[in-house]
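One file, run.csv, carrying CSV, C-alpha atoms:
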```csv
chain,number,residue,atom,x,y,z
A,1,GLU,CA,1.9,13.8,22.4
A,2,ALA,CA,-1.0,12.7,20.2
A,3,ARG,CA,-2.0,16.3,19.6
A,4,TRP,CA,1.5,17.8,19.0
A,5,LEU,CA,4.2,16.2,16.9
A,6,PRO,CA,6.9,18.2,15.3
A,7,THR,CA,7.6,16.9,11.7
A,8,TRP,CA,10.4,18.0,9.5
A,9,SER,CA,12.0,17.4,6.2
A,10,PHE,CA,14.9,18.7,4.1
A,11,GLY,CA,15.9,18.3,0.5
A,12,GLY,CA,18.1,19.7,-2.3
A,13,ALA,CA,18.6,19.6,-6.0
A,14,TRP,CA,21.6,19.8,-8.4
A,15,ASN,CA,21.1,21.1,-11.9
A,16,MET,CA,23.7,18.9,-13.5
A,17,GLU,CA,23.4,20.3,-17.0
A,18,GLU,CA,25.1,23.5,-15.9
A,19,GLU,CA,28.3,21.7,-15.0
A,20,SER,CA,31.2,21.9,-17.4
A,21,PHE,CA,31.5,18.2,-17.9
A,22,LEU,CA,27.9,18.1,-19.5
A,23,GLN,CA,28.2,21.4,-21.5
A,24,ASP,CA,29.3,19.6,-24.7
A,25,ILE,CA,26.6,16.9,-24.7
A,26,TRP,CA,24.1,18.4,-27.1
A,27,TRP,CA,21.3,15.9,-26.6
A,28,ILE,CA,20.9,16.8,-22.8
A,29,ASP,CA,18.5,19.7,-22.4
A,30,PHE,CA,18.5,19.6,-18.6
A,31,LEU,CA,19.3,17.0,-15.9
A,32,LYS,CA,18.4,17.4,-12.3
A,33,LEU,CA,19.4,15.2,-9.4
A,34,ARG,CA,17.3,15.7,-6.2
A,35,ALA,CA,17.1,14.1,-2.7
A,36,SER,CA,15.0,14.5,0.4
A,37,TYR,CA,14.7,13.1,3.9
A,38,GLY,CA,12.1,13.7,6.5
A,39,LEU,CA,9.6,12.7,9.1
A,40,THR,CA,5.9,12.7,8.3
A,41,ALA,CA,2.9,11.6,10.3
A,42,SER,CA,-0.8,10.7,9.7
A,43,LEU,CA,-3.9,9.7,11.6
A,44,GLY,CA,-4.1,6.4,9.8
A,45,PRO,CA,-7.4,4.6,10.3
A,46,ALA,CA,-7.8,6.0,13.8
A,47,THR,CA,-11.2,7.6,14.5
A,48,ASN,CA,-11.0,8.8,18.1
A,49,SER,CA,-8.7,9.2,21.1
A,50,GLY,CA,-11.4,10.5,23.5
A,51,VAL,CA,-14.7,8.9,24.4
A,52,VAL,CA,-17.4,9.2,21.7
A,53,LEU,CA,-21.0,9.7,23.0
A,54,ARG,CA,-24.1,9.8,20.9
A,55,SER,CA,-27.5,11.2,21.7
A,56,LEU,CA,-30.4,8.8,21.0
A,57,THR,CA,-34.0,8.3,21.7
A,58,THR,CA,-35.2,5.1,23.3
A,59,ASN,CA,-37.4,2.8,21.3
A,60,ARG,CA,-40.7,2.5,23.1
A,61,THR,CA,-44.2,1.4,22.1
A,62,PHE,CA,-45.8,4.6,23.0
A,63,PRO,CA,-44.4,8.1,22.3
A,64,LEU,CA,-45.0,9.3,25.8
A,65,GLU,CA,-42.7,6.6,27.2
A,66,ARG,CA,-39.7,7.6,24.9
A,67,GLU,CA,-36.8,9.5,26.4
A,68,SER,CA,-33.4,10.9,25.4
A,69,VAL,CA,-30.4,8.8,26.3
A,70,ILE,CA,-26.6,9.0,25.8
A,71,GLN,CA,-24.9,6.0,24.3
A,72,ILE,CA,-21.2,5.2,24.5
A,73,ALA,CA,-20.2,4.6,20.9
A,74,ASN,CA,-16.4,4.4,21.5
A,75,LEU,CA,-14.4,4.2,24.7
A,76,GLU,CA,-11.6,6.6,25.4
A,77,ASN,CA,-8.4,5.5,23.6
A,78,SER,CA,-5.9,8.1,24.8
A,79,ASP,CA,-2.9,5.8,24.2
A,80,LEU,CA,-3.2,6.4,20.5
A,81,THR,CA,-0.5,8.5,18.8
A,82,TRP,CA,0.4,9.4,15.2
A,83,GLU,CA,1.5,6.9,12.6
A,84,LYS,CA,5.1,8.0,11.6
A,85,ASN,CA,7.3,7.6,8.6
A,86,TYR,CA,11.0,8.3,8.0
A,87,GLN,CA,11.3,8.5,4.3
A,88,THR,CA,14.3,8.9,2.0
A,89,ASN,CA,13.8,9.9,-1.7
A,90,ILE,CA,16.4,10.2,-4.5
A,91,GLY,CA,15.2,11.4,-7.9
A,92,LEU,CA,16.5,12.2,-11.3
A,93,ASP,CA,14.7,14.4,-13.9
A,94,GLY,CA,15.7,15.0,-17.4
A,95,SER,CA,14.8,16.3,-20.8
A,96,LEU,CA,16.6,15.0,-23.9
A,97,PHE,CA,16.9,15.7,-27.7
A,98,LYS,CA,15.5,19.3,-27.6
A,99,GLY,CA,12.4,18.3,-25.7
A,100,ARG,CA,11.5,15.3,-27.7
A,101,MET,CA,12.0,13.0,-24.7
A,102,ASN,CA,11.6,13.4,-21.0
A,103,MET,CA,12.2,11.0,-18.1
A,104,SER,CA,11.9,10.8,-14.4
A,105,LEU,CA,13.3,8.3,-11.9
A,106,ASP,CA,12.4,8.1,-8.2
A,107,VAL,CA,13.8,5.7,-5.6
A,108,TYR,CA,12.5,5.7,-2.0
A,109,GLN,CA,12.9,3.9,1.3
A,110,ARG,CA,10.3,4.3,4.1
A,111,LYS,CA,10.5,3.2,7.7
A,112,SER,CA,7.1,3.3,9.3
A,113,PHE,CA,6.4,2.8,13.0
A,114,ASP,CA,3.5,3.2,15.4
A,115,LEU,CA,1.2,2.0,12.7
A,116,ILE,CA,-2.5,1.8,13.7
A,117,SER,CA,-4.9,-1.2,13.1
A,118,LEU,CA,-7.4,-3.2,15.0
A,119,ILE,CA,-6.1,-5.5,17.7
A,120,LYS,CA,-7.7,-8.1,19.9
A,121,THR,CA,-7.9,-7.2,23.6
A,122,GLY,CA,-8.9,-9.0,26.8
A,123,GLY,CA,-12.3,-7.3,26.5
A,124,ILE,CA,-11.8,-4.9,29.5
A,125,GLY,CA,-14.1,-2.0,29.1
A,126,GLY,CA,-16.4,-3.8,26.7
A,127,GLU,CA,-14.4,-3.6,23.5
A,128,PRO,CA,-12.8,-6.9,22.5
A,129,ILE,CA,-11.3,-5.2,19.4
A,130,LYS,CA,-9.9,-1.7,19.4
A,131,ALA,CA,-7.4,0.5,17.5
A,132,ALA,CA,-3.8,0.5,18.6
A,133,ASN,CA,-0.3,1.5,17.5
A,134,TYR,CA,0.9,-2.0,17.2
A,135,ALA,CA,3.2,-2.4,14.1
A,136,ASP,CA,6.3,-1.3,12.4
A,137,MET,CA,7.0,-1.7,8.7
A,138,ASP,CA,9.8,-1.2,6.1
A,139,ALA,CA,9.1,-0.4,2.5
A,140,HIS,CA,11.1,0.6,-0.5
A,141,GLY,CA,10.4,1.0,-4.2
A,142,ALA,CA,11.0,2.9,-7.4
A,143,GLU,CA,9.0,4.8,-10.0
A,144,VAL,CA,10.1,5.4,-13.6
A,145,LEU,CA,8.4,7.7,-16.2
A,146,ILE,CA,9.6,7.9,-19.8
A,147,GLY,CA,7.8,9.9,-22.4
A,148,GLY,CA,8.3,11.7,-25.6
A,149,GLN,CA,7.1,12.8,-29.0
A,150,ILE,CA,7.6,9.8,-31.3
A,151,PHE,CA,6.3,11.5,-34.5
A,152,ARG,CA,5.6,15.2,-35.0
A,153,LYS,CA,4.5,16.4,-38.4
A,154,LYS,CA,2.5,19.4,-39.5
A,155,ASP,CA,-0.9,17.8,-39.3
A,156,TRP,CA,-0.4,14.7,-37.1
A,157,GLY,CA,1.7,13.4,-34.3
A,158,TRP,CA,2.1,10.6,-31.8
A,159,ARG,CA,3.1,11.1,-28.2
A,160,ALA,CA,3.7,8.3,-25.7
A,161,ASN,CA,4.3,8.0,-21.9
A,162,ILE,CA,5.4,4.8,-20.1
A,163,THR,CA,5.3,4.5,-16.4
A,164,PHE,CA,6.6,1.7,-14.2
A,165,GLY,CA,6.5,1.3,-10.4
A,166,TYR,CA,7.9,-1.2,-8.0
A,167,THR,CA,7.2,-1.4,-4.3
A,168,THR,CA,7.7,-4.0,-1.6
A,169,THR,CA,6.8,-4.0,2.1
A,170,LYS,CA,7.8,-6.1,5.2
A,171,ILE,CA,6.2,-6.0,8.6
A,172,THR,CA,9.2,-5.9,11.1
A,173,ASN,CA,7.2,-5.8,14.3
A,174,ALA,CA,3.5,-6.5,15.2
A,175,LYS,CA,1.8,-7.1,18.5
A,176,ASN,CA,-1.3,-8.8,16.9
A,177,GLN,CA,-1.9,-12.5,16.9
A,178,PRO,CA,-3.7,-13.5,13.7
A,179,ILE,CA,-5.9,-16.6,13.5
A,180,ILE,CA,-5.8,-18.9,10.5
A,181,PHE,CA,-8.8,-17.3,8.9
A,182,ASP,CA,-7.2,-13.8,9.1
A,183,LEU,CA,-4.4,-15.0,6.7
A,184,VAL,CA,-6.2,-17.3,4.3
A,185,LYS,CA,-9.1,-15.0,3.5
A,186,ALA,CA,-9.0,-13.4,0.0
A,187,GLU,CA,-8.1,-10.0,1.3
A,188,GLY,CA,-4.9,-11.4,3.0
A,189,GLY,CA,-3.7,-10.6,6.5
A,190,ASN,CA,-0.7,-9.2,8.4
A,191,THR,CA,1.9,-11.0,10.4
A,192,VAL,CA,5.5,-10.3,11.3
A,193,GLY,CA,8.2,-11.0,8.7
A,194,TYR,CA,5.8,-10.8,5.7
A,195,PRO,CA,4.5,-8.1,3.4
A,196,VAL,CA,1.4,-6.1,4.1
A,197,ASN,CA,-1.8,-8.0,3.1
A,198,SER,CA,-0.1,-11.4,2.7
A,199,LEU,CA,-2.1,-14.3,1.3
A,200,PHE,CA,-1.6,-17.7,2.9
A,201,SER,CA,-3.1,-21.1,2.1
A,202,ILE,CA,-3.8,-24.2,4.2
A,203,ARG,CA,-1.2,-26.9,3.4
A,204,TYR,CA,-2.8,-29.5,1.1
A,205,ASN,CA,-2.0,-33.1,1.7
A,206,GLY,CA,-3.8,-34.9,-1.2
A,207,LEU,CA,-6.9,-37.0,-1.4
A,208,ASP,CA,-7.8,-39.8,1.0
A,209,HIS,CA,-7.1,-42.9,-1.0
A,210,ILE,CA,-10.3,-44.6,0.2
A,211,THR,CA,-12.9,-41.9,0.4
A,212,GLY,CA,-11.5,-39.3,-2.1
A,213,VAL,CA,-11.9,-36.6,0.5
A,214,PRO,CA,-9.3,-33.8,0.4
A,215,THR,CA,-6.9,-33.8,3.4
A,216,PHE,CA,-4.8,-31.0,4.9
A,217,ILE,CA,-2.2,-30.3,7.6
A,218,ASN,CA,-4.4,-28.9,10.3
A,219,GLU,CA,-3.7,-26.5,13.2
A,220,LYS,CA,-2.2,-29.4,15.2
A,221,GLY,CA,0.1,-30.4,12.5
A,222,GLU,CA,-1.9,-33.6,11.8
A,223,VAL,CA,-3.3,-34.9,8.5
A,224,SER,CA,-7.0,-34.3,8.6
A,225,PRO,CA,-10.0,-33.3,6.4
A,226,ASN,CA,-10.9,-30.6,8.9
A,227,VAL,CA,-9.1,-27.4,9.9
A,228,TYR,CA,-10.2,-25.2,12.8
A,229,LEU,CA,-9.9,-21.7,11.2
A,230,GLN,CA,-10.2,-19.9,14.5
A,231,ASP,CA,-7.0,-21.3,15.8
A,232,GLU,CA,-3.9,-19.1,16.2
A,233,ALA,CA,-1.5,-21.9,15.1
A,234,ILE,CA,-0.4,-20.5,11.8
A,235,SER,CA,3.1,-22.2,11.4
A,236,ASN,CA,1.8,-24.8,9.0
A,237,LEU,CA,0.3,-22.3,6.5
A,238,VAL,CA,1.8,-21.8,3.1
A,239,PHE,CA,2.8,-18.3,2.1
A,240,GLU,CA,1.6,-17.5,-1.4
A,241,GLY,CA,2.5,-13.8,-1.8
A,242,PRO,CA,1.1,-10.3,-1.3
A,243,VAL,CA,-2.4,-9.4,-2.4
A,244,ASP,CA,-1.1,-6.0,-3.4
A,245,PRO,CA,0.8,-5.9,-6.7
A,246,LYS,CA,4.6,-5.3,-6.6
A,247,PHE,CA,4.7,-4.0,-10.1
A,248,THR,CA,2.3,-1.3,-11.5
A,249,GLY,CA,2.4,1.0,-14.5
A,250,GLY,CA,0.8,2.1,-17.7
A,251,ILE,CA,1.3,3.1,-21.3
A,252,SER,CA,-0.4,6.2,-22.6
A,253,ASN,CA,-0.6,7.0,-26.3
A,254,THR,CA,-2.0,10.2,-27.7
A,255,PHE,CA,-2.5,10.4,-31.5
A,256,ASN,CA,-3.2,13.8,-33.1
A,257,TYR,CA,-4.6,14.6,-36.5
A,258,LYS,CA,-5.3,18.3,-37.2
A,259,ALA,CA,-8.0,19.2,-34.6
A,260,PHE,CA,-8.7,15.6,-33.5
A,261,SER,CA,-7.0,13.5,-30.9
A,262,LEU,CA,-7.2,9.9,-29.7
A,263,ASN,CA,-5.9,8.7,-26.4
A,264,VAL,CA,-5.2,5.0,-25.8
A,265,PHE,CA,-4.3,4.1,-22.2
A,266,ILE,CA,-3.2,0.7,-20.9
A,267,THR,CA,-2.5,-0.2,-17.3
A,268,TYR,CA,-0.9,-3.3,-15.9
A,269,GLN,CA,0.0,-4.8,-12.5
A,270,ALA,CA,1.9,-8.0,-11.6
A,271,GLY,CA,3.7,-9.7,-8.7
A,272,ASN,CA,0.7,-10.3,-6.5
A,273,LYS,CA,-1.5,-13.3,-5.7
A,274,ILE,CA,-5.3,-13.4,-5.6
A,275,ARG,CA,-7.7,-16.0,-4.4
A,276,LEU,CA,-10.7,-16.7,-6.6
A,277,TYR,CA,-14.0,-17.5,-4.9
A,278,PRO,CA,-15.5,-20.8,-6.2
```

As C-alpha cells, please, write out the structure in this file.
Amino acid sequence: EARWLPTWSFGGAWNMEEESFLQDIWWIDFLKLRASYGLTASLGPATNSGVVLRSLTTNRTFPLERESVIQIANLENSDLTWEKNYQTNIGLDGSLFKGRMNMSLDVYQRKSFDLISLIKTGGIGGEPIKAANYADMDAHGAEVLIGGQIFRKKDWGWRANITFGYTTTKITNAKNQPIIFDLVKAEGGNTVGYPVNSLFSIRYNGLDHITGVPTFINEKGEVSPNVYLQDEAISNLVFEGPVDPKFTGGISNTFNYKAFSLNVFITYQAGNKIRLYP
C-alpha cells in the first residue's frame, strides 16, 4: 500500500464569454469558470519505511585495530503510508477592457489525512520518537489576482498587479500528546481542534503583591511562580493564534520609460502571532 496508491483528479472549464447572454457586454474579453476535484498524495517528511543501515569504521587508537561495522541508523517503519489530500478547486479567470485589466480568483477546500510527523512512542526498538501517520486536517482558502495597465503612452507606462491570499487550517484528529513546551515555543505546536503551528501562552496571573514575582496558572491549575514545561496538562494554556499568516499578498508595480523599466514590489502578511525572544 505504501508503494502503490492510485491517485486521480478531474476538472472542467466553461468559456462563458461565448454564451449569448454575454455577447453584448463589450468590456468582457473573456471569462472562464473552472473547477476540479481529486486525490493527491505525497511523502511528507517521511525519510524511510525500511531499515536504514550505514557502513562505518570504528574509532580506535591504532589503525590496525580499526574495523568495518554496520550501524542501524533508522529502524524499519513499514506502517508508514502516503499523506493524502482530497482537494476541491473553483476558479474564475477573466480579461476586461480590451486587455487593459486581467483578474483571477481561486477558492479551494482541502481535506488531508494520514499526515506524517514525529510522535512519541514507548521506546520499543530503541526509538522514543518516530515518524507516523497520526493526524487529519481541514484547510480552505482563496487567492485573488488583479492586474492591468494603468497608463499606457507612447514612451512610458505603468502596470500593476495586486495579489491577495487567505488560508486557514484546523487539525481534526491527532494521536500525539504535546507537552506545554511544545505549544508555547516560538515555532508553535500542533494539537486537536486548532490550526497548524498554533502558538499558546502560559496563563499569567499578575505579580505577587509582596515579592513582585510574576505568577502563573501552572500545570496543576494552581497559582505559582513555577510551571513545569514538560507536563502534558495543557488545558490552562491560552491560545494566541497561528504562527503562519492567514493573509498574504503583494503589490507589484512596473514603470516603463522608453528603454528603461523600474519594478517596485511590496509584500505583506497578517493574521498570525509571533513570539519575540527577550

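Of note, CA of Glu17 (chain A) and CA of Gly249 (chain A) are spaced 28.6 Å apart.
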
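Using only C-alpha atoms, the nearest neighbour of Glu222 (chain A) within the list A:Asn236, A:Ser42, A:Thr248, A:Thr163 is A:Asn236.
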
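Counting from CA of Asp114 (chain A), the distance to CA of Asp138 (chain A) is 12.1 Å.
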
- [ ] Excluding Glu67 (chain A) and residues on its chain fewer than 3 positions from it, collect all residues at most 12 Å away from it, counting all atoms listed in the file, and give them as a PyMOL selection string.
- [x] chain A and resi 55-64+70

TODO: May I have the residues within 9 Å of Pro225 (chain A) as number ranges by chain, using all atoms listed in the file and disregarding those fewer than 4 positions away in the same chain?
DONE: A: 208, 213-218

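For the residues A:Phe247, A:Trp4, A:Tyr194, A:Phe181, ranking by smallest atom-to-atom distance to Val227 (chain A) using only C-alpha atoms places A:Phe181 first.
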
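Across the model, the gap from CA of Val51 (chain A) to CA of Ala73 (chain A) is 7.8 Å.
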
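The residue set within 10 Å of region 52-54 of chain A, counting all atoms listed in the file and dropping same-chain residues fewer than 2 places from it, reads Thr47, Asn48, Ser49, Gly50, Leu56, Val69, Ile70, Gln71, Ile72, Ala73, Asn74, Leu75, Glu76 and Asn77 of chain A.
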
For the selection you just gave me, I'd like the residues written to a file as a PDB file, in the coordinates of the input, keeping C-alpha atoms.
```pdb
ATOM      1  CA  THR A  47     -11.200   7.600  14.500  1.00  0.00           C
ATOM      2  CA  ASN A  48     -11.000   8.800  18.100  1.00  0.00           C
ATOM      3  CA  SER A  49      -8.700   9.200  21.100  1.00  0.00           C
ATOM      4  CA  GLY A  50     -11.400  10.500  23.500  1.00  0.00           C
ATOM      5  CA  LEU A  56     -30.400   8.800  21.000  1.00  0.00           C
ATOM      6  CA  VAL A  69     -30.400   8.800  26.300  1.00  0.00           C
ATOM      7  CA  ILE A  70     -26.600   9.000  25.800  1.00  0.00           C
ATOM      8  CA  GLN A  71     -24.900   6.000  24.300  1.00  0.00           C
ATOM      9  CA  ILE A  72     -21.200   5.200  24.500  1.00  0.00           C
ATOM     10  CA  ALA A  73     -20.200   4.600  20.900  1.00  0.00           C
ATOM     11  CA  ASN A  74     -16.400   4.400  21.500  1.00  0.00           C
ATOM     12  CA  LEU A  75     -14.400   4.200  24.700  1.00  0.00           C
ATOM     13  CA  GLU A  76     -11.600   6.600  25.400  1.00  0.00           C
ATOM     14  CA  ASN A  77      -8.400   5.500  23.600  1.00  0.00           C
TER      15      ASN A  77
END
```

Counting all atoms listed in the file, give me one row per residue of region 139-237 of chain A with an atom at most 9 Å from an atom of region 116-133 of chain A, showing the shortest contact pair and its distance in Å to one decimal, sorted by chain then residue number, as CSV.
```
residue,atom,partner,partner_atom,distance
A:Lys175,CA,A:Ile119,CA,8.1
A:Asn176,CA,A:Ile119,CA,5.9
A:Gln177,CA,A:Lys120,CA,7.9
```

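If you measure from each of A:Asn272, A:Gln149, A:Asn226, A:Thr267 to Val196 (chain A) using only C-alpha atoms, the closest one turns out to be A:Asn272.
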
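Remark: residues at most 12 Å from position (-7.0, -11.2, 0.8) in file coordinates are Phe181, Asp182, Leu183, Val184, Lys185, Ala186, Glu187, Gly188, Gly189, Asn190, Val196, Asn197, Ser198, Leu199, Phe200, Ser201, Glu240, Gly241, Pro242, Val243, Asp244, Asn272, Lys273, Ile274, Arg275, Leu276 and Tyr277 of chain A, using only C-alpha atoms.
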
Set the distance at 12 Å and use all atoms listed in the file: which residues neighbour Lys84 (chain A) once local chain neighbours fewer than 4 positions away are removed? I'd like the list as a PDB file with C-alpha atoms, in the coordinates of the input.
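After the write, selection-v7.pdb holds the following:
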```pdb
ATOM      1  CA  ALA A   2      -1.000  12.700  20.200  1.00  0.00           C
ATOM      2  CA  LEU A   5       4.200  16.200  16.900  1.00  0.00           C
ATOM      3  CA  PRO A   6       6.900  18.200  15.300  1.00  0.00           C
ATOM      4  CA  THR A   7       7.600  16.900  11.700  1.00  0.00           C
ATOM      5  CA  TRP A   8      10.400  18.000   9.500  1.00  0.00           C
ATOM      6  CA  GLY A  38      12.100  13.700   6.500  1.00  0.00           C
ATOM      7  CA  LEU A  39       9.600  12.700   9.100  1.00  0.00           C
ATOM      8  CA  THR A  40       5.900  12.700   8.300  1.00  0.00           C
ATOM      9  CA  ALA A  41       2.900  11.600  10.300  1.00  0.00           C
ATOM     10  CA  SER A  42      -0.800  10.700   9.700  1.00  0.00           C
ATOM     11  CA  LEU A  43      -3.900   9.700  11.600  1.00  0.00           C
ATOM     12  CA  GLY A  44      -4.100   6.400   9.800  1.00  0.00           C
ATOM     13  CA  ARG A 110      10.300   4.300   4.100  1.00  0.00           C
ATOM     14  CA  LYS A 111      10.500   3.200   7.700  1.00  0.00           C
ATOM     15  CA  SER A 112       7.100   3.300   9.300  1.00  0.00           C
ATOM     16  CA  PHE A 113       6.400   2.800  13.000  1.00  0.00           C
ATOM     17  CA  ASP A 114       3.500   3.200  15.400  1.00  0.00           C
ATOM     18  CA  LEU A 115       1.200   2.000  12.700  1.00  0.00           C
ATOM     19  CA  ILE A 116      -2.500   1.800  13.700  1.00  0.00           C
ATOM     20  CA  ASN A 133      -0.300   1.500  17.500  1.00  0.00           C
ATOM     21  CA  ALA A 135       3.200  -2.400  14.100  1.00  0.00           C
ATOM     22  CA  ASP A 136       6.300  -1.300  12.400  1.00  0.00           C
ATOM     23  CA  MET A 137       7.000  -1.700   8.700  1.00  0.00           C
ATOM     24  CA  ASP A 138       9.800  -1.200   6.100  1.00  0.00           C
TER      25      ASP A 138
END
```

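Using all atoms listed in the file, the nearest neighbour of Ser78 (chain A) within the list A:Ile210, A:Ala46, A:Ala174, A:Met101 is A:Ala46.
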
TODO: Find the residues around Ile162 (chain A) up to 9 Å (all atoms listed in the file counted), leave out those fewer than 4 positions away in its own chain, and share them as a VMD selection string.
DONE: chain A and resid 144 to 147 249 to 253

Output of the above residues as a compact mmCIF listing (two decimals), in the coordinates of the input, restricted to C-alpha atoms:
```txt
# COMPACT_ATOMS: atom_id res chain seq x y z
CA VAL A 144 10.10 5.40 -13.60
CA LEU A 145 8.40 7.70 -16.20
CA ILE A 146 9.60 7.90 -19.80
CA GLY A 147 7.80 9.90 -22.40
CA GLY A 249 2.40 1.00 -14.50
CA GLY A 250 0.80 2.10 -17.70
CA ILE A 251 1.30 3.10 -21.30
CA SER A 252 -0.40 6.20 -22.60
CA ASN A 253 -0.60 7.00 -26.30
```

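In terms of minimum interatomic distance to Ile150 (chain A), A:Phe255 ranks closest within A:Pro178, A:Phe255, A:Asn263, A:Ile25, counting all atoms listed in the file.
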